$ cat coords20.cif   # mmCIF, C-alpha atoms
data_entry
loop_
_atom_site.group_PDB
_atom_site.id
_atom_site.type_symbol
_atom_site.label_atom_id
_atom_site.label_comp_id
_atom_site.auth_asym_id
_atom_site.auth_seq_id
_atom_site.Cartn_x
_atom_site.Cartn_y
_atom_site.Cartn_z
ATOM 1 C CA MET A 195 69.490 26.696 301.946
ATOM 2 C CA THR A 196 73.098 27.446 302.839
ATOM 3 C CA THR A 197 74.581 28.616 306.141
ATOM 4 C CA GLN A 198 77.123 31.377 305.834
ATOM 5 C CA HIS A 199 80.411 30.551 307.490
ATOM 6 C CA THR A 200 81.477 33.049 310.163
ATOM 7 C CA ARG A 201 84.865 34.501 309.297
ATOM 8 C CA LEU A 202 86.891 37.596 310.085
ATOM 9 C CA THR A 203 89.298 38.802 307.421
ATOM 10 C CA VAL A 204 92.094 40.550 309.307
ATOM 11 C CA GLU A 205 92.924 44.123 308.337
ATOM 12 C CA ARG A 206 94.800 45.381 311.373
ATOM 13 C CA VAL A 207 96.439 44.118 314.565
ATOM 14 C CA ASP A 208 96.937 46.388 317.596
ATOM 15 C CA THR A 209 98.438 46.123 321.033
ATOM 16 C CA ILE A 210 97.562 48.089 324.179
ATOM 17 C CA SER A 211 100.056 48.874 326.910
ATOM 18 C CA ARG A 212 98.009 47.543 329.845
ATOM 19 C CA ARG A 213 96.841 44.426 328.021
ATOM 20 C CA PRO A 214 100.150 42.764 327.167
ATOM 21 C CA SER A 215 98.687 39.277 327.012
ATOM 22 C CA MET A 216 96.331 40.122 324.148
ATOM 23 C CA ILE A 217 96.372 41.375 320.587
ATOM 24 C CA PHE A 218 93.409 43.272 319.163
ATOM 25 C CA VAL A 219 92.480 42.001 315.740
ATOM 26 C CA THR A 220 90.271 44.165 313.551
ATOM 27 C CA GLY A 221 88.712 43.200 310.254
ATOM 28 C CA THR A 222 85.590 42.643 308.247
ATOM 29 C CA LEU A 223 83.230 40.056 309.684
ATOM 30 C CA GLU A 224 81.061 37.814 307.532
ATOM 31 C CA GLY A 225 78.405 35.433 308.836
ATOM 32 C CA GLY A 226 77.065 35.462 312.378
ATOM 33 C CA PRO A 227 78.361 37.255 315.465
ATOM 34 C CA LEU A 228 81.392 36.083 317.416
ATOM 35 C CA HIS A 229 81.352 35.695 321.201
ATOM 36 C CA ILE A 230 83.951 35.614 323.946
ATOM 37 C CA GLY A 231 85.011 32.003 324.355
ATOM 38 C CA ASP A 232 84.227 31.001 320.779
ATOM 39 C CA SER A 233 86.742 28.569 319.292
ATOM 40 C CA VAL A 234 88.283 29.891 316.090
ATOM 41 C CA VAL A 235 90.886 28.720 313.628
ATOM 42 C CA ILE A 236 93.488 31.039 312.119
ATOM 43 C CA ASP A 237 94.164 30.177 308.506
ATOM 44 C CA ASP A 238 97.910 30.781 308.704
ATOM 45 C CA VAL A 239 100.571 30.498 306.026
ATOM 46 C CA ASP A 240 101.250 26.838 306.765
ATOM 47 C CA ARG A 241 97.599 26.095 305.992
ATOM 48 C CA MET A 242 97.582 23.861 309.039
ATOM 49 C CA GLY A 243 95.323 26.205 310.920
ATOM 50 C CA THR A 244 95.997 27.484 314.410
ATOM 51 C CA HIS A 245 93.196 26.860 316.870
ATOM 52 C CA THR A 246 92.488 29.346 319.633
ATOM 53 C CA VAL A 247 89.725 30.968 321.636
ATOM 54 C CA ILE A 248 88.402 34.542 321.528
ATOM 55 C CA ARG A 249 89.530 36.187 324.761
ATOM 56 C CA SER A 250 87.618 39.440 324.455
ATOM 57 C CA ILE A 251 85.600 41.595 322.079
ATOM 58 C CA GLU A 252 85.941 45.312 321.510
ATOM 59 C CA MET A 253 82.747 47.277 322.089
ATOM 60 C CA HIS A 254 83.860 50.466 320.338
ATOM 61 C CA THR A 255 84.853 49.586 316.817
ATOM 62 C CA ALA A 256 85.436 51.523 313.640
ATOM 63 C CA PRO A 257 82.318 51.621 311.418
ATOM 64 C CA GLY A 258 81.688 48.334 309.638
ATOM 65 C CA LYS A 259 84.484 46.551 311.451
ATOM 66 C CA ALA A 260 84.726 43.990 314.239
ATOM 67 C CA THR A 261 87.572 43.656 316.716
ATOM 68 C CA ILE A 262 88.368 40.527 318.714
ATOM 69 C CA ALA A 263 91.147 39.962 321.243
ATOM 70 C CA LEU A 264 93.338 36.886 320.916
ATOM 71 C CA ASP A 265 96.341 35.577 322.824
ATOM 72 C CA ALA A 266 99.383 37.794 322.209
ATOM 73 C CA ALA A 267 101.508 34.742 321.404
ATOM 74 C CA LEU A 268 99.575 34.464 318.139
ATOM 75 C CA LYS A 269 100.835 37.799 316.812
ATOM 76 C CA PRO A 270 103.316 36.177 314.395
ATOM 77 C CA VAL A 271 100.517 34.355 312.562
ATOM 78 C CA VAL A 272 97.780 36.991 312.720
ATOM 79 C CA ARG A 273 98.578 39.379 309.914
ATOM 80 C CA SER A 274 96.610 41.486 307.489
ATOM 81 C CA GLY A 275 94.764 39.272 305.020
ATOM 82 C CA VAL A 276 94.623 36.232 307.283
ATOM 83 C CA VAL A 277 91.179 34.701 307.766
ATOM 84 C CA ILE A 278 89.943 33.735 311.229
ATOM 85 C CA SER A 279 86.975 31.367 311.127
ATOM 86 C CA ARG A 280 84.722 30.079 313.865
ATOM 87 C CA SER A 281 85.312 26.391 314.439
ATOM 88 C CA GLU A 282 82.150 24.472 313.594
ATOM 89 C CA MET B 420 54.424 126.376 283.748
ATOM 90 C CA GLY B 421 50.685 126.408 283.475
ATOM 91 C CA GLU B 422 48.133 124.135 285.102
ATOM 92 C CA ALA B 423 48.192 121.782 282.183
ATOM 93 C CA GLY B 424 51.951 121.457 282.445
ATOM 94 C CA LEU B 425 51.832 120.782 286.159
ATOM 95 C CA ALA B 426 49.130 118.184 285.643
ATOM 96 C CA ALA B 427 51.301 116.444 283.052
ATOM 97 C CA VAL B 428 54.277 116.443 285.456
ATOM 98 C CA PHE B 429 52.135 115.038 288.279
ATOM 99 C CA ALA B 430 50.711 112.445 285.974
ATOM 100 C CA ALA B 431 54.224 111.403 284.936
ATOM 101 C CA LEU B 432 55.312 111.287 288.574
ATOM 102 C CA ALA B 433 52.283 109.217 289.459
ATOM 103 C CA ARG B 434 53.129 106.723 286.695
ATOM 104 C CA ASP B 435 56.739 106.511 287.973
ATOM 105 C CA VAL B 436 55.519 105.949 291.528
ATOM 106 C CA ALA B 437 53.098 103.279 290.336
ATOM 107 C CA ARG B 438 55.841 101.507 288.329
ATOM 108 C CA THR B 439 58.247 101.666 291.307
ATOM 109 C CA ALA B 440 55.560 100.387 293.662
ATOM 110 C CA SER B 441 54.873 97.532 291.284
ATOM 111 C CA ARG B 442 58.568 96.609 291.105
ATOM 112 C CA ILE B 443 58.862 96.769 294.910
ATOM 113 C CA SER B 444 55.803 94.559 295.213
ATOM 114 C CA GLU B 445 57.286 92.033 292.794
ATOM 115 C CA SER B 446 60.600 92.083 294.664
ATOM 116 C CA VAL B 447 58.856 91.608 298.020
ATOM 117 C CA ALA B 448 56.898 88.687 296.576
ATOM 118 C CA LYS B 449 60.117 87.085 295.306
ATOM 119 C CA ILE B 450 61.883 87.650 298.643
ATOM 120 C CA THR B 451 58.904 86.200 300.491
ATOM 121 C CA GLU B 452 58.870 83.158 298.226
ATOM 122 C CA ARG B 453 62.633 82.650 298.623
ATOM 123 C CA THR B 454 62.440 83.092 302.403
ATOM 124 C CA ALA B 455 59.673 80.515 302.603
ATOM 125 C CA ALA B 456 61.812 78.070 300.629
ATOM 126 C CA ILE B 457 64.789 78.673 302.924
ATOM 127 C CA LEU B 458 62.636 78.257 306.028
ATOM 128 C CA GLU B 459 61.192 75.030 304.665
ATOM 129 C CA SER B 460 64.703 73.770 303.935
ATOM 130 C CA ASP B 461 65.858 74.781 307.419
ATOM 131 C CA ALA B 462 62.850 73.040 308.941
ATOM 132 C CA ARG B 463 63.722 69.832 307.079
ATOM 133 C CA ALA B 464 67.339 70.134 308.261
ATOM 134 C CA ALA B 465 66.188 70.768 311.841
ATOM 135 C CA ASP B 466 63.931 67.702 311.665
ATOM 136 C CA ALA B 467 66.831 65.596 310.378
ATOM 137 C CA ILE B 468 69.128 66.826 313.149
ATOM 138 C CA ALA B 469 66.459 66.270 315.802
ATOM 139 C CA SER B 470 65.855 62.773 314.479
ATOM 140 C CA ALA B 471 69.575 61.986 314.471
ATOM 141 C CA VAL B 472 69.995 63.269 318.031
ATOM 142 C CA LYS B 473 66.957 61.249 319.150
ATOM 143 C CA LYS B 474 68.573 58.153 317.705
ATOM 144 C CA GLY B 475 71.788 58.957 319.534
ATOM 145 C CA VAL B 476 73.812 59.801 316.440
ATOM 146 C CA GLY B 477 74.754 63.213 317.792
ATOM 147 C CA ARG B 478 75.785 61.846 321.139
ATOM 148 C CA ARG B 479 77.847 59.149 319.513
ATOM 149 C CA SER B 480 79.917 61.662 317.669
ATOM 150 C CA LEU B 481 80.342 63.921 320.656
ATOM 151 C CA TYR B 482 80.740 61.844 323.755
ATOM 152 C CA SER B 483 81.698 58.330 324.777
ATOM 153 C CA ARG B 484 82.352 57.005 321.360
ATOM 154 C CA SER B 485 84.310 59.937 320.087
ATOM 155 C CA GLY B 486 84.799 63.400 321.533
ATOM 156 C CA ALA B 487 85.206 66.617 319.619
ATOM 157 C CA LEU B 488 88.953 66.159 319.993
ATOM 158 C CA SER B 489 90.874 62.979 319.282
ATOM 159 C CA ASN B 490 93.082 61.332 321.891
ATOM 160 C CA ARG B 491 96.152 62.487 320.000
ATOM 161 C CA GLU B 492 94.912 66.090 319.921
ATOM 162 C CA VAL B 493 94.129 66.176 323.649
ATOM 163 C CA LEU B 494 97.494 64.661 324.538
ATOM 164 C CA ALA B 495 99.459 66.901 322.183
ATOM 165 C CA GLY B 496 97.623 70.057 323.265
ATOM 166 C CA ASN B 497 97.578 69.054 326.931
ATOM 167 C CA VAL B 498 94.014 70.333 327.142
ATOM 168 C CA GLY B 499 91.074 69.404 329.337
ATOM 169 C CA LEU B 500 90.839 68.098 332.885
ATOM 170 C CA PRO B 501 93.815 66.695 334.802
ATOM 171 C CA ARG B 502 94.192 63.077 333.695
ATOM 172 C CA THR B 503 94.538 61.642 337.192
ATOM 173 C CA PRO B 504 92.816 59.016 339.362
ATOM 174 C CA GLU B 505 91.628 61.875 341.590
ATOM 175 C CA THR B 506 89.747 63.432 338.660
ATOM 176 C CA VAL B 507 88.145 60.092 337.879
ATOM 177 C CA GLU B 508 87.159 59.532 341.516
ATOM 178 C CA ARG B 509 85.633 63.025 341.712
ATOM 179 C CA TYR B 510 83.432 62.640 338.642
ATOM 180 C CA VAL B 511 82.496 59.044 339.442
ATOM 181 C CA ARG B 512 81.191 60.334 342.776
ATOM 182 C CA LEU B 513 79.422 63.382 341.331
ATOM 183 C CA ALA B 514 77.740 61.387 338.558
ATOM 184 C CA GLY B 515 76.811 58.420 340.736
ATOM 185 C CA VAL B 516 78.662 55.931 338.553
ATOM 186 C CA ASP B 517 79.011 52.363 339.835
ATOM 187 C CA PHE B 518 81.895 50.442 338.300
ATOM 188 C CA ARG B 519 81.025 47.377 340.418
ATOM 189 C CA GLY B 520 84.628 47.082 341.590
ATOM 190 C CA ALA B 521 86.101 47.029 338.098
ATOM 191 C CA ASN B 522 89.604 48.358 337.627
ATOM 192 C CA VAL B 523 89.717 51.818 335.991
ATOM 193 C CA GLU B 524 92.936 52.848 334.260
ATOM 194 C CA ILE B 525 94.131 55.956 332.453
ATOM 195 C CA ILE B 526 96.067 55.118 329.319
ATOM 196 C CA ASP B 527 98.121 57.383 327.095
ATOM 197 C CA GLY B 528 100.810 55.243 325.464
ATOM 198 C CA ALA B 529 101.528 55.640 321.777
ATOM 199 C CA ASP B 530 99.924 52.267 320.961
ATOM 200 C CA ASP B 531 96.891 53.124 323.095
ATOM 201 C CA ILE B 532 96.373 56.466 321.337
ATOM 202 C CA ALA B 533 96.748 54.908 317.889
ATOM 203 C CA TYR B 534 94.268 52.158 318.741
ATOM 204 C CA LEU B 535 91.615 54.377 320.355
ATOM 205 C CA ASP B 536 91.777 56.970 317.584
ATOM 206 C CA PHE B 537 91.517 54.250 314.940
ATOM 207 C CA GLN B 538 88.362 52.989 316.643
ATOM 208 C CA GLY B 539 87.058 56.543 317.097
ATOM 209 C CA ALA B 540 86.816 55.944 320.846
ATOM 210 C CA VAL B 541 87.735 57.924 323.939
ATOM 211 C CA ALA B 542 87.658 54.873 326.222
ATOM 212 C CA ARG B 543 87.234 51.106 326.187
ATOM 213 C CA THR B 544 86.089 48.363 328.514
ATOM 214 C CA ASP B 545 86.730 44.643 328.704
ATOM 215 C CA ASP B 546 86.508 41.996 331.401
ATOM 216 C CA LEU B 547 89.746 43.323 332.944
ATOM 217 C CA GLY B 548 88.283 46.767 333.493
ATOM 218 C CA VAL B 549 87.890 50.228 332.014
ATOM 219 C CA GLN B 550 90.575 52.132 330.141
ATOM 220 C CA LEU B 551 90.200 55.893 329.701
ATOM 221 C CA GLY B 552 92.073 57.634 326.898
ATOM 222 C CA PRO B 553 93.134 61.303 326.972
ATOM 223 C CA ALA B 554 90.067 62.389 324.967
ATOM 224 C CA ALA B 555 87.786 61.217 327.776
ATOM 225 C CA PHE B 556 89.179 64.120 329.828
ATOM 226 C CA GLN B 557 88.679 66.871 327.231
ATOM 227 C CA ASP B 558 85.827 68.447 329.224
ATOM 228 C CA GLU B 559 83.613 67.678 332.208
ATOM 229 C CA GLU B 560 80.546 66.458 330.341
ATOM 230 C CA THR B 561 82.551 64.194 328.068
ATOM 231 C CA LEU B 562 84.160 62.604 331.118
ATOM 232 C CA VAL B 563 80.819 62.157 332.894
ATOM 233 C CA ARG B 564 79.218 60.606 329.815
ATOM 234 C CA THR B 565 82.224 58.370 329.272
ATOM 235 C CA LEU B 566 82.284 57.117 332.856
ATOM 236 C CA GLY B 567 78.562 56.391 332.800
ATOM 237 C CA HIS B 568 78.753 54.753 329.388
ATOM 238 C CA GLU B 569 81.651 52.482 330.321
ATOM 239 C CA SER B 570 79.964 51.478 333.586
ATOM 240 C CA VAL B 571 77.150 50.013 331.492
ATOM 241 C CA HIS B 572 79.705 47.992 329.529
ATOM 242 C CA VAL B 573 81.189 46.708 332.804
ATOM 243 C CA ARG B 574 77.773 45.311 333.699
ATOM 244 C CA GLN B 575 77.307 43.880 330.200
ATOM 245 C CA TYR B 576 80.616 42.011 330.520
ATOM 246 C CA GLU B 577 79.525 40.695 333.919
ATOM 247 C CA ASP B 578 76.246 39.555 332.395
ATOM 248 C CA GLY B 579 78.095 37.708 329.623
ATOM 249 C CA VAL B 580 76.131 39.355 326.820
ATOM 250 C CA VAL B 581 79.038 40.794 324.846
ATOM 251 C CA SER B 582 79.391 39.762 321.204
ATOM 252 C CA THR B 583 80.479 41.389 317.964
ATOM 253 C CA SER B 584 76.854 42.487 317.540
ATOM 254 C CA THR B 585 77.636 45.585 319.556
ATOM 255 C CA GLY B 586 74.750 47.772 318.337
ATOM 256 C CA PRO B 587 72.193 46.982 321.060
ATOM 257 C CA LEU B 588 74.891 47.074 323.748
ATOM 258 C CA GLU B 589 76.063 50.478 322.599
ATOM 259 C CA ASP B 590 72.484 51.737 322.359
ATOM 260 C CA GLU B 591 71.930 50.750 325.985
ATOM 261 C CA ALA B 592 75.127 52.505 327.096
ATOM 262 C CA TYR B 593 74.315 55.713 325.191
ATOM 263 C CA ALA B 594 70.777 55.724 326.570
ATOM 264 C CA ALA B 595 72.139 55.634 330.116
ATOM 265 C CA GLU B 596 74.431 58.658 329.716
ATOM 266 C CA ASP B 597 71.869 61.427 330.259
ATOM 267 C CA ALA B 598 70.976 60.192 333.751
ATOM 268 C CA PHE B 599 74.624 60.393 334.807
ATOM 269 C CA VAL B 600 74.890 63.907 333.376
ATOM 270 C CA GLU B 601 71.794 64.918 335.340
ATOM 271 C CA ASN B 602 73.285 63.484 338.555
ATOM 272 C CA TRP B 603 76.478 65.423 337.953
ATOM 273 C CA ARG B 604 74.669 68.688 337.200
ATOM 274 C CA ASN B 605 72.472 68.348 340.265
ATOM 275 C CA GLY B 606 75.432 67.530 342.480
ATOM 276 C CA ARG B 607 77.744 70.334 341.417
#

$ encode --input "coords20.cif" --output "structure tokens"
Amino acid sequence: MTTQHTRLTVERVDTISRRPSMIFVTGTLEGGPLHIGDSVVIDDVDRMGTHTVIRSIEMHTAPGKATIALDAALKPVVRSGVVISRSE
Amino acid sequence: MGEAGLAAVFAALARDVARTASRISESVAKITERTAAILESDARAADAIASAVKKGVGRRSLYSRSGALSNREVLAGNVGLPRTPETVERYVRLAGVDFRGANVEIIDGADDIAYLDFQGAVARTDDLGVQLGPAAFQDEETLVRTLGHESVHVRQYEDGVVSTSTGPLEDEAYAAEDAFVENWRNGR
């Protein structure tokens, strides 16, 4: 039996005017659900991996998509195609 | 024309009447059959719609999740209720909504509109409070449903139950909307 790894493949990054400290990252989620406070690693271009924590989760999402909020400082590394995985 | 001639004419007329009556009868039977098929089809469609509404599908497409108009359309057309804190306060009071002290903001920036319309939402909530987009104000009932819906999300954030499995949380919020609408209608 195998356990599917939880990962979000980024498709879109948004900002909201009254939430300047966060970016809203939307993509396709595989594996289990993500929760606020979960530790995740962003598989960035350097392949070093950037570790962070989910700050919030969007309740109203486009069909079939999941949206998580991360620290706005991570915007340079969170781009379309990047994979965000839950740290095990 | 003699009696024999008249009898022949009447006989011919009678045959014509009989043929016409037969054709009318056939046509009526066909129309009846077709009508029954249409009614059966309509009944199936009505059942499907009723089932969808019962499951909340209809409400999802019309109210808190996404109004009839997008945020961009409401902003561009400047339609609906005044998008002011006073409007929010009025409908919160009329609908008996409890935001448990959460901050409630009205947002209409370009990034906000793009984000909400992408998500198909008229409003959003997180642990910093509630944000209402222009489409939440497109009519009274949409605003009432939105305020009630988001107040449920405020409580869900407080309870720490929010995850990317949003289905049950959304179901709970949609299920609560009708009670707020009833409060508002009774208090008008």

$ residues_near_point --input "coords20.cif" --point "(89.3, 52.9, 319.5)" --cutoff "10 Å" --atoms "only C-alpha atoms" --output "PyMOL selection string"
(chain A and resi 252-256+261) or (chain B and resi 484-485+490+531-543+552)

$ closest_residue --input "coords20.cif" --among "A:Leu223, A:Leu202, A:Leu264, A:Val277" --to "A:Ile236" --atoms "only C-alpha atoms"
A:Val277

$ closest_residue --input "coords20.cif" --among "B:Val549, B:Ala433, B:Leu566, B:Val516" --to "chain A" --atoms "all atoms listed in the file"
B:Val549

$ closest_residue --input "coords20.cif" --among "B:Gly424, B:Pro553, B:Gly567, B:Pro501" --to "B:Asp517" --atoms "all atoms listed in the file"
B:Gly567

$ atom_distance --input "coords20.cif" --atom1 "atom CA of A:Ser215" --atom2 "atom CA of A:Met242"
23.7 Å

$ resolve_selection --input "coords20.cif" --expression "the PyMOL selection byres ((chain B) within 6 of (chain A))" --output "list in words"
Asp530, Asp531, Gln538, Ser582, Thr583, Ser584 and Thr585 of chain B
